[in-house]
$ cat model-v1.cif   # mmCIF, C-alpha atoms
data_data
#
loop_
_atom_site.label_atom_id
_atom_site.label_comp_id
_atom_site.auth_asym_id
_atom_site.auth_seq_id
_atom_site.Cartn_x
_atom_site.Cartn_y
_atom_site.Cartn_z
CA MET A 1 -17.87 8.43 24.73
CA SER A 2 -16.49 5.01 24.11
CA LEU A 3 -12.96 3.68 24.45
CA ASN A 4 -11.97 0.17 23.46
CA ILE A 5 -9.43 -2.35 24.71
CA VAL A 6 -8.48 -5.16 22.32
CA LEU A 7 -6.75 -8.29 23.60
CA VAL A 8 -5.33 -10.42 20.81
CA GLU A 9 -5.28 -14.06 21.88
CA PRO A 10 -5.06 -13.49 25.64
CA GLU A 11 -3.72 -16.51 27.51
CA ILE A 12 -4.05 -15.84 31.23
CA PRO A 13 -7.59 -15.59 32.63
CA GLN A 14 -6.57 -13.51 35.64
CA ASN A 15 -5.13 -10.82 33.38
CA THR A 16 -8.26 -10.71 31.27
CA GLY A 17 -10.36 -10.67 34.44
CA ASN A 18 -8.43 -7.71 35.84
CA ILE A 19 -8.73 -5.90 32.51
CA ALA A 20 -12.48 -6.62 32.40
CA ARG A 21 -12.83 -5.08 35.87
CA THR A 22 -10.99 -1.97 34.68
CA CYS A 23 -13.28 -1.84 31.65
CA ALA A 24 -16.37 -2.08 33.87
CA LEU A 25 -15.14 0.74 36.11
CA THR A 26 -14.25 3.03 33.19
CA GLU A 27 -17.10 2.20 30.76
CA THR A 28 -14.57 0.86 28.27
CA LYS A 29 -15.52 -1.83 25.76
CA LEU A 30 -13.48 -5.05 25.74
CA HIS A 31 -12.75 -6.86 22.48
CA LEU A 32 -11.32 -10.39 22.67
CA VAL A 33 -9.68 -11.95 19.61
CA LYS A 34 -9.65 -15.76 19.61
CA PRO A 35 -8.20 -18.17 20.37
CA LEU A 36 -8.49 -17.48 24.08
CA GLY A 37 -6.28 -19.36 26.54
CA PHE A 38 -9.24 -19.97 28.86
CA SER A 39 -12.99 -20.58 28.87
CA VAL A 40 -15.55 -17.82 29.29
CA GLU A 41 -18.33 -20.20 30.23
CA ASP A 42 -20.38 -18.86 33.12
CA LYS A 43 -19.32 -21.55 35.62
CA TYR A 44 -15.61 -20.78 35.10
CA LEU A 45 -16.15 -17.05 35.43
CA LYS A 46 -18.05 -17.44 38.70
CA ARG A 47 -15.38 -19.76 40.07
CA ALA A 48 -12.75 -17.13 39.24
CA GLY A 49 -14.76 -14.48 41.09
CA LEU A 50 -15.53 -12.52 37.95
CA ASP A 51 -18.95 -11.40 39.13
CA TYR A 52 -18.57 -8.12 37.21
CA TRP A 53 -18.13 -9.85 33.80
CA ASN A 54 -21.77 -9.06 32.93
CA LEU A 55 -21.11 -5.34 33.59
CA VAL A 56 -18.67 -5.11 30.65
CA ASP A 57 -19.50 -4.74 26.98
CA ILE A 58 -17.48 -7.67 25.59
CA PHE A 59 -17.15 -8.55 21.93
CA TYR A 60 -15.56 -11.71 20.54
CA TYR A 61 -13.84 -12.14 17.18
CA ASP A 62 -12.48 -15.20 15.44
CA SER A 63 -9.60 -13.17 13.98
CA PHE A 64 -8.03 -9.73 14.12
CA GLU A 65 -9.08 -9.22 10.49
CA GLU A 66 -12.72 -9.65 11.54
CA LEU A 67 -12.29 -6.90 14.14
CA ILE A 68 -10.65 -4.56 11.58
CA GLU A 69 -13.48 -5.15 9.09
CA LYS A 70 -16.03 -3.95 11.67
CA HIS A 71 -14.13 -0.82 12.77
CA LYS A 72 -12.05 1.97 11.23
CA LYS A 73 -8.43 0.88 11.12
CA GLU A 74 -7.14 4.43 11.68
CA ASN A 75 -8.66 4.42 15.17
CA PHE A 76 -6.22 1.73 16.37
CA PHE A 77 -3.11 2.12 18.55
CA TYR A 78 -0.82 -0.90 18.99
CA ALA A 79 0.97 -1.42 22.31
CA THR A 80 4.31 -3.19 21.97
CA THR A 81 7.74 -3.09 23.60
CA LYS A 82 8.97 -2.33 20.05
CA GLY A 83 6.73 0.74 19.78
CA LYS A 84 7.83 3.79 17.86
CA LYS A 85 6.50 6.36 20.36
CA LYS A 86 6.03 6.49 24.12
CA TYR A 87 2.38 6.07 25.00
CA THR A 88 2.38 9.64 26.36
CA GLU A 89 3.46 11.06 22.99
CA MET A 90 0.31 9.95 21.19
CA GLU A 91 -2.91 11.94 21.03
CA TYR A 92 -5.91 9.75 21.85
CA PHE A 93 -9.52 10.39 20.99
CA ASP A 94 -13.01 9.09 21.60
CA GLU A 95 -13.74 5.73 19.95
CA CYS A 96 -10.07 4.72 19.74
CA PHE A 97 -8.94 1.11 20.12
CA LEU A 98 -5.94 0.20 22.27
CA VAL A 99 -4.58 -3.13 21.01
CA PHE A 100 -2.50 -5.50 23.17
CA GLY A 101 -0.97 -8.87 22.31
CA LYS A 102 -0.81 -12.16 24.13
CA GLU A 103 1.18 -12.37 27.35
CA THR A 104 3.95 -14.66 26.07
CA LYS A 105 4.64 -13.14 22.64
CA GLY A 106 2.94 -9.76 22.34
CA LEU A 107 1.52 -8.67 19.01
CA PRO A 108 2.54 -10.48 15.81
CA MET A 109 5.46 -8.75 14.04
CA ASN A 110 3.50 -8.37 10.80
CA LEU A 111 0.79 -6.43 12.64
CA ILE A 112 3.43 -4.18 14.22
CA SER A 113 5.25 -3.53 10.94
CA GLU A 114 2.00 -2.82 9.05
CA ASN A 115 1.04 -0.22 11.67
CA TRP A 116 4.42 1.16 12.68
CA ASP A 117 3.24 4.79 12.95
CA ARG A 118 0.48 3.74 15.35
CA THR A 119 2.69 1.72 17.73
CA ILE A 120 3.13 2.83 21.33
CA ARG A 121 5.34 1.64 24.16
CA ILE A 122 5.71 2.07 27.89
CA PRO A 123 9.29 3.10 28.75
CA MET A 124 11.11 0.52 30.86
CA LYS A 125 14.59 -0.89 31.45
CA LYS A 126 15.97 -2.86 28.52
CA ASP A 127 18.08 -5.43 30.38
CA ILE A 128 15.19 -7.19 32.14
CA PRO A 129 13.98 -10.25 30.20
CA ARG A 130 10.26 -9.64 30.72
CA SER A 131 8.06 -6.59 30.32
CA LEU A 132 5.19 -5.37 32.48
CA ASN A 133 2.20 -7.58 33.17
CA LEU A 134 -0.53 -7.26 30.52
CA ALA A 135 -3.18 -5.99 32.95
CA ASN A 136 -0.76 -3.35 34.29
CA SER A 137 0.14 -2.24 30.76
CA VAL A 138 -3.51 -1.90 29.79
CA ASN A 139 -4.21 0.20 32.89
CA ILE A 140 -1.26 2.52 32.31
CA ILE A 141 -2.15 3.27 28.70
CA LEU A 142 -5.93 3.35 29.20
CA PHE A 143 -5.66 5.87 32.02
CA GLU A 144 -3.43 8.12 29.90
CA CYS A 145 -6.10 8.01 27.23
CA LEU A 146 -8.80 8.79 29.82
CA ARG A 147 -6.66 11.61 31.25
CA GLN A 148 -6.33 13.21 27.84
CA LEU A 149 -10.10 13.04 27.44
CA ASP A 150 -10.58 14.53 30.96
CA PHE A 151 -11.95 11.29 32.47
CA PRO A 152 -15.39 11.37 30.79
CA ASN A 153 -18.28 10.00 32.88
CA LEU A 154 -15.92 9.20 35.77
CA GLU A 155 -15.92 10.74 39.24
#
$ encode --input "model-v1.cif" --output "structure tokens"
Amino acid sequence: MSLNIVLVEPEIPQNTGNIARTCALTETKLHLVKPLGFSVEDKYLKRAGLDYWNLVDIFYYDSFEELIEKHKKENFFYATTKGKKKYTEMEYFDECFLVFGKETKGLPMNLISENWDRTIRIPMKKDIPRSLNLANSVNIILFECLRQLDFPNLE
């Protein structure tokens, strides 16, 4: 059993830290696509209180294309406010990748349009200028995926 969270060019270290903690607690792999908006050097992680960073399987990529080359593209779901389906309308499976964009811009439009049938969204009010926090969005969608798989290896 292995689920995967992909953060494309994350900018805010606290968000990535919260997501890494969720990954540690759920045995989910974390994939980070560069450039990152922060340093992952050990001294910075310790200063941020990320003492669980070593408990997460983390993979780094120089580009999203590099990530795609290493994994089956059909296993990817793309979270975006422009998503075609609600995140609860999708059927998730073992080994899937949940892809999230950077905090300020989300996923690139070309990536969304190329994968339109695999886009998912969290329903929310339209007239508010900002969407949910990245770490909150990851948790909402990841736990739906885990629920559908009956929370494997979790108590």
$ resolve_selection --input "model-v1.cif" --expression "the PyMOL selection byres ((chain A and resi 140) around 12)" --output "CSV table (one decimal) with C-alpha atoms, keeping the file's coordinate frame"
chain,number,residue,atom,x,y,z
A,19,ILE,CA,-8.7,-5.9,32.5
A,22,THR,CA,-11.0,-2.0,34.7
A,79,ALA,CA,1.0,-1.4,22.3
A,86,LYS,CA,6.0,6.5,24.1
A,87,TYR,CA,2.4,6.1,25.0
A,88,THR,CA,2.4,9.6,26.4
A,98,LEU,CA,-5.9,0.2,22.3
A,120,ILE,CA,3.1,2.8,21.3
A,121,ARG,CA,5.3,1.6,24.2
A,122,ILE,CA,5.7,2.1,27.9
A,123,PRO,CA,9.3,3.1,28.8
A,132,LEU,CA,5.2,-5.4,32.5
A,133,ASN,CA,2.2,-7.6,33.2
A,134,LEU,CA,-0.5,-7.3,30.5
A,135,ALA,CA,-3.2,-6.0,33.0
A,136,ASN,CA,-0.8,-3.4,34.3
A,137,SER,CA,0.1,-2.2,30.8
A,138,VAL,CA,-3.5,-1.9,29.8
A,139,ASN,CA,-4.2,0.2,32.9
A,141,ILE,CA,-2.2,3.3,28.7
A,142,LEU,CA,-5.9,3.4,29.2
A,143,PHE,CA,-5.7,5.9,32.0
A,144,GLU,CA,-3.4,8.1,29.9
A,145,CYS,CA,-6.1,8.0,27.2
A,146,LEU,CA,-8.8,8.8,29.8
A,147,ARG,CA,-6.7,11.6,31.2
$ resolve_selection --input "model-v1.cif" --expression "the PyMOL selection byres ((chain A and resi 107) around 10)" --output "PyMOL selection string"
chain A and resi 7-9+78-82+99-106+108-112
$ resolve_selection --input "model-v1.cif" --expression "the PyMOL selection byres ((chain A and resi 94) around 9)" --output "mmCIF file with C-alpha atoms, in the frame of the given file"
data_model
loop_
_atom_site.group_PDB
_atom_site.id
_atom_site.type_symbol
_atom_site.label_atom_id
_atom_site.label_comp_id
_atom_site.auth_asym_id
_atom_site.auth_seq_id
_atom_site.Cartn_x
_atom_site.Cartn_y
_atom_site.Cartn_z
ATOM 1 C CA MET A 1 -17.870 8.430 24.730
ATOM 2 C CA SER A 2 -16.490 5.010 24.110
ATOM 3 C CA LEU A 3 -12.960 3.680 24.450
ATOM 4 C CA TYR A 92 -5.910 9.750 21.850
ATOM 5 C CA PHE A 93 -9.520 10.390 20.990
ATOM 6 C CA GLU A 95 -13.740 5.730 19.950
ATOM 7 C CA CYS A 96 -10.070 4.720 19.740
ATOM 8 C CA CYS A 145 -6.100 8.010 27.230
ATOM 9 C CA LEU A 149 -10.100 13.040 27.440
#
$ atom_distance --input "model-v1.cif" --atom1 "CA of Met90 in chain A" --atom2 "CA of Pro152 in chain A"
18.5 Å
$ residues_around --input "model-v1.cif" --residues "Phe38 in chain A" --least-positions-apart "4" --cutoff "8 Å" --atoms "all atoms listed in the file" --output "list in words"
Glu11, Ile12 and Pro13 of chain A
$ atom_distance --input "model-v1.cif" --atom1 "CA of Lys85 in chain A" --atom2 "CA of Arg21 in chain A"
27.3 Å
$ atom_distance --input "model-v1.cif" --atom1 "CA of His31 in chain A" --atom2 "CA of Val6 in chain A"
4.6 Å
$ closest_residue --input "model-v1.cif" --among "A:Thr16, A:Thr119, A:Ser63, A:Asn153" --to "Lys84 in chain A" --atoms "all atoms listed in the file"
A:Thr119
$ closest_residue --input "model-v1.cif" --among "A:Glu41, A:Glu66, A:Asp51, A:Asp150" --to "Ala24 in chain A" --atoms "all atoms listed in the file"
A:Asp51
$ residues_around --input "model-v1.cif" --residues "Leu25 in chain A" --least-positions-apart "6" --cutoff "10 Å" --atoms "all atoms listed in the file" --output "PyMOL selection string"
chain A and resi 19+52+55-56+154
$ closest_residue --input "model-v1.cif" --among "A:Ser131, A:Gln148, A:Asn4, A:Asn18" --to "Asp57 in chain A" --atoms "all atoms listed in the file"
A:Asn4
$ closest_residue --input "model-v1.cif" --among "A:Gly17, A:Lys73, A:Glu91, A:Glu27" --to "Val40 in chain A" --atoms "all atoms listed in the file"
A:Gly17
$ closest_residue --input "model-v1.cif" --among "A:Trp116, A:Phe97, A:Glu65, A:Glu89" --to "Lys29 in chain A" --atoms "only C-alpha atoms"
A:Phe97
$ residues_around --input "model-v1.cif" --residues "Leu67 in chain A" --least-positions-apart "5" --cutoff "10 Å" --atoms "only C-alpha atoms" --output "PDB file with C-alpha atoms, keeping the file's coordinate frame"
ATOM      1  CA  VAL A   6      -8.480  -5.160  22.320  1.00  0.00           C
ATOM      2  CA  HIS A  31     -12.750  -6.860  22.480  1.00  0.00           C
ATOM      3  CA  LEU A  32     -11.320 -10.390  22.670  1.00  0.00           C
ATOM      4  CA  VAL A  33      -9.680 -11.950  19.610  1.00  0.00           C
ATOM      5  CA  PHE A  59     -17.150  -8.550  21.930  1.00  0.00           C
ATOM      6  CA  TYR A  60     -15.560 -11.710  20.540  1.00  0.00           C
ATOM      7  CA  TYR A  61     -13.840 -12.140  17.180  1.00  0.00           C
ATOM      8  CA  ASP A  62     -12.480 -15.200  15.440  1.00  0.00           C
ATOM      9  CA  LYS A  72     -12.050   1.970  11.230  1.00  0.00           C
ATOM     10  CA  LYS A  73      -8.430   0.880  11.120  1.00  0.00           C
TER      11      LYS A  73
END
$ decode --input "model-v1.cif" --residues "range 11-26 of chain A" --atoms "all heavy atoms" --output "PDB file, in the first residue's frame"
ATOM      1  N   GLU A  11       5.964  26.736  -1.943  1.00  0.00           N
ATOM      2  CA  GLU A  11       6.623  27.995  -1.588  1.00  0.00           C
ATOM      3  C   GLU A  11       6.743  28.225  -0.087  1.00  0.00           C
ATOM      4  O   GLU A  11       7.646  28.928   0.356  1.00  0.00           O
ATOM      5  CB  GLU A  11       5.831  29.165  -2.193  1.00  0.00           C
ATOM      6  CG  GLU A  11       5.726  29.095  -3.692  1.00  0.00           C
ATOM      7  CD  GLU A  11       4.702  30.054  -4.252  1.00  0.00           C
ATOM      8  OE1 GLU A  11       3.552  30.050  -3.794  1.00  0.00           O
ATOM      9  OE2 GLU A  11       5.069  30.816  -5.161  1.00  0.00           O
ATOM     10  N   ILE A  12       5.823  27.693   0.681  1.00  0.00           N
ATOM     11  CA  ILE A  12       5.748  28.015   2.104  1.00  0.00           C
ATOM     12  C   ILE A  12       6.195  26.809   2.933  1.00  0.00           C
ATOM     13  O   ILE A  12       5.535  25.770   2.912  1.00  0.00           O
ATOM     14  CB  ILE A  12       4.318  28.464   2.486  1.00  0.00           C
ATOM     15  CG1 ILE A  12       3.934  29.689   1.648  1.00  0.00           C
ATOM     16  CG2 ILE A  12       4.210  28.754   3.980  1.00  0.00           C
ATOM     17  CD1 ILE A  12       2.490  30.122   1.788  1.00  0.00           C
ATOM     18  N   PRO A  13       7.302  26.944   3.652  1.00  0.00           N
ATOM     19  CA  PRO A  13       7.839  25.782   4.375  1.00  0.00           C
ATOM     20  C   PRO A  13       6.886  25.203   5.413  1.00  0.00           C
ATOM     21  O   PRO A  13       6.848  23.987   5.609  1.00  0.00           O
ATOM     22  CB  PRO A  13       9.119  26.316   5.026  1.00  0.00           C
ATOM     23  CG  PRO A  13       9.018  27.796   4.985  1.00  0.00           C
ATOM     24  CD  PRO A  13       8.121  28.146   3.839  1.00  0.00           C
ATOM     25  N   GLN A  14       6.095  26.043   6.058  1.00  0.00           N
ATOM     26  CA  GLN A  14       5.168  25.527   7.069  1.00  0.00           C
ATOM     27  C   GLN A  14       4.125  24.602   6.441  1.00  0.00           C
ATOM     28  O   GLN A  14       3.736  23.607   7.041  1.00  0.00           O
ATOM     29  CB  GLN A  14       4.480  26.682   7.819  1.00  0.00           C
ATOM     30  CG  GLN A  14       5.419  27.515   8.653  1.00  0.00           C
ATOM     31  CD  GLN A  14       6.110  28.626   7.851  1.00  0.00           C
ATOM     32  OE1 GLN A  14       6.074  28.675   6.627  1.00  0.00           O
ATOM     33  NE2 GLN A  14       6.771  29.523   8.562  1.00  0.00           N
ATOM     34  N   ASN A  15       3.649  24.949   5.260  1.00  0.00           N
ATOM     35  CA  ASN A  15       2.695  24.077   4.574  1.00  0.00           C
ATOM     36  C   ASN A  15       3.332  22.727   4.261  1.00  0.00           C
ATOM     37  O   ASN A  15       2.754  21.675   4.525  1.00  0.00           O
ATOM     38  CB  ASN A  15       2.189  24.712   3.278  1.00  0.00           C
ATOM     39  CG  ASN A  15       1.139  25.759   3.523  1.00  0.00           C
ATOM     40  OD1 ASN A  15       0.425  25.740   4.510  1.00  0.00           O
ATOM     41  ND2 ASN A  15       1.037  26.699   2.595  1.00  0.00           N
ATOM     42  N   THR A  16       4.521  22.765   3.691  1.00  0.00           N
ATOM     43  CA  THR A  16       5.203  21.521   3.354  1.00  0.00           C
ATOM     44  C   THR A  16       5.509  20.728   4.619  1.00  0.00           C
ATOM     45  O   THR A  16       5.376  19.504   4.638  1.00  0.00           O
ATOM     46  CB  THR A  16       6.484  21.801   2.554  1.00  0.00           C
ATOM     47  OG1 THR A  16       6.122  22.534   1.372  1.00  0.00           O
ATOM     48  CG2 THR A  16       7.183  20.521   2.150  1.00  0.00           C
ATOM     49  N   GLY A  17       5.859  21.412   5.695  1.00  0.00           N
ATOM     50  CA  GLY A  17       6.104  20.728   6.969  1.00  0.00           C
ATOM     51  C   GLY A  17       4.855  20.046   7.497  1.00  0.00           C
ATOM     52  O   GLY A  17       4.904  18.893   7.951  1.00  0.00           O
ATOM     53  N   ASN A  18       3.725  20.735   7.441  1.00  0.00           N
ATOM     54  CA  ASN A  18       2.463  20.121   7.880  1.00  0.00           C
ATOM     55  C   ASN A  18       2.090  18.933   7.005  1.00  0.00           C
ATOM     56  O   ASN A  18       1.615  17.903   7.498  1.00  0.00           O
ATOM     57  CB  ASN A  18       1.333  21.152   7.873  1.00  0.00           C
ATOM     58  CG  ASN A  18       1.463  22.144   9.013  1.00  0.00           C
ATOM     59  OD1 ASN A  18       1.981  21.822  10.071  1.00  0.00           O
ATOM     60  ND2 ASN A  18       0.997  23.347   8.791  1.00  0.00           N
ATOM     61  N   ILE A  19       2.313  19.058   5.719  1.00  0.00           N
ATOM     62  CA  ILE A  19       2.021  17.961   4.795  1.00  0.00           C
ATOM     63  C   ILE A  19       2.958  16.789   5.061  1.00  0.00           C
ATOM     64  O   ILE A  19       2.534  15.625   5.053  1.00  0.00           O
ATOM     65  CB  ILE A  19       2.099  18.459   3.339  1.00  0.00           C
ATOM     66  CG1 ILE A  19       0.970  19.459   3.084  1.00  0.00           C
ATOM     67  CG2 ILE A  19       2.056  17.299   2.349  1.00  0.00           C
ATOM     68  CD1 ILE A  19       1.146  20.309   1.838  1.00  0.00           C
ATOM     69  N   ALA A  20       4.225  17.069   5.328  1.00  0.00           N
ATOM     70  CA  ALA A  20       5.180  15.999   5.647  1.00  0.00           C
ATOM     71  C   ALA A  20       4.751  15.259   6.913  1.00  0.00           C
ATOM     72  O   ALA A  20       4.848  14.026   6.983  1.00  0.00           O
ATOM     73  CB  ALA A  20       6.586  16.581   5.818  1.00  0.00           C
ATOM     74  N   ARG A  21       4.250  15.969   7.898  1.00  0.00           N
ATOM     75  CA  ARG A  21       3.767  15.323   9.124  1.00  0.00           C
ATOM     76  C   ARG A  21       2.590  14.401   8.806  1.00  0.00           C
ATOM     77  O   ARG A  21       2.535  13.261   9.274  1.00  0.00           O
ATOM     78  CB  ARG A  21       3.350  16.355  10.167  1.00  0.00           C
ATOM     79  CG  ARG A  21       2.946  15.693  11.478  1.00  0.00           C
ATOM     80  CD  ARG A  21       2.446  16.675  12.507  1.00  0.00           C
ATOM     81  NE  ARG A  21       3.300  17.839  12.612  1.00  0.00           N
ATOM     82  CZ  ARG A  21       3.046  18.888  13.386  1.00  0.00           C
ATOM     83  NH1 ARG A  21       1.954  18.918  14.130  1.00  0.00           N
ATOM     84  NH2 ARG A  21       3.840  19.917  13.426  1.00  0.00           N
ATOM     85  N   THR A  22       1.662  14.880   7.988  1.00  0.00           N
ATOM     86  CA  THR A  22       0.536  14.039   7.569  1.00  0.00           C
ATOM     87  C   THR A  22       1.045  12.797   6.841  1.00  0.00           C
ATOM     88  O   THR A  22       0.565  11.687   7.076  1.00  0.00           O
ATOM     89  CB  THR A  22      -0.420  14.832   6.657  1.00  0.00           C
ATOM     90  OG1 THR A  22      -0.981  15.902   7.409  1.00  0.00           O
ATOM     91  CG2 THR A  22      -1.528  13.952   6.113  1.00  0.00           C
ATOM     92  N   CYS A  23       2.028  12.978   5.964  1.00  0.00           N
ATOM     93  CA  CYS A  23       2.597  11.839   5.239  1.00  0.00           C
ATOM     94  C   CYS A  23       3.234  10.837   6.197  1.00  0.00           C
ATOM     95  O   CYS A  23       3.059   9.625   6.035  1.00  0.00           O
ATOM     96  CB  CYS A  23       3.616  12.319   4.212  1.00  0.00           C
ATOM     97  SG  CYS A  23       2.876  13.169   2.796  1.00  0.00           S
ATOM     98  N   ALA A  24       3.942  11.315   7.202  1.00  0.00           N
ATOM     99  CA  ALA A  24       4.561  10.423   8.184  1.00  0.00           C
ATOM    100  C   ALA A  24       3.500   9.619   8.927  1.00  0.00           C
ATOM    101  O   ALA A  24       3.651   8.413   9.140  1.00  0.00           O
ATOM    102  CB  ALA A  24       5.413  11.224   9.172  1.00  0.00           C
ATOM    103  N   LEU A  25       2.413  10.264   9.303  1.00  0.00           N
ATOM    104  CA  LEU A  25       1.364   9.610  10.089  1.00  0.00           C
ATOM    105  C   LEU A  25       0.479   8.678   9.271  1.00  0.00           C
ATOM    106  O   LEU A  25      -0.253   7.865   9.843  1.00  0.00           O
ATOM    107  CB  LEU A  25       0.505  10.670  10.771  1.00  0.00           C
ATOM    108  CG  LEU A  25       1.219  11.470  11.858  1.00  0.00           C
ATOM    109  CD1 LEU A  25       0.408  12.686  12.255  1.00  0.00           C
ATOM    110  CD2 LEU A  25       1.504  10.591  13.061  1.00  0.00           C
ATOM    111  N   THR A  26       0.527   8.786   7.953  1.00  0.00           N
ATOM    112  CA  THR A  26      -0.325   7.963   7.095  1.00  0.00           C
ATOM    113  C   THR A  26       0.471   7.044   6.169  1.00  0.00           C
ATOM    114  O   THR A  26      -0.108   6.391   5.299  1.00  0.00           O
ATOM    115  CB  THR A  26      -1.248   8.851   6.228  1.00  0.00           C
ATOM    116  OG1 THR A  26      -0.445   9.712   5.423  1.00  0.00           O
ATOM    117  CG2 THR A  26      -2.213   9.649   7.096  1.00  0.00           C
TER     118      THR A  26
END
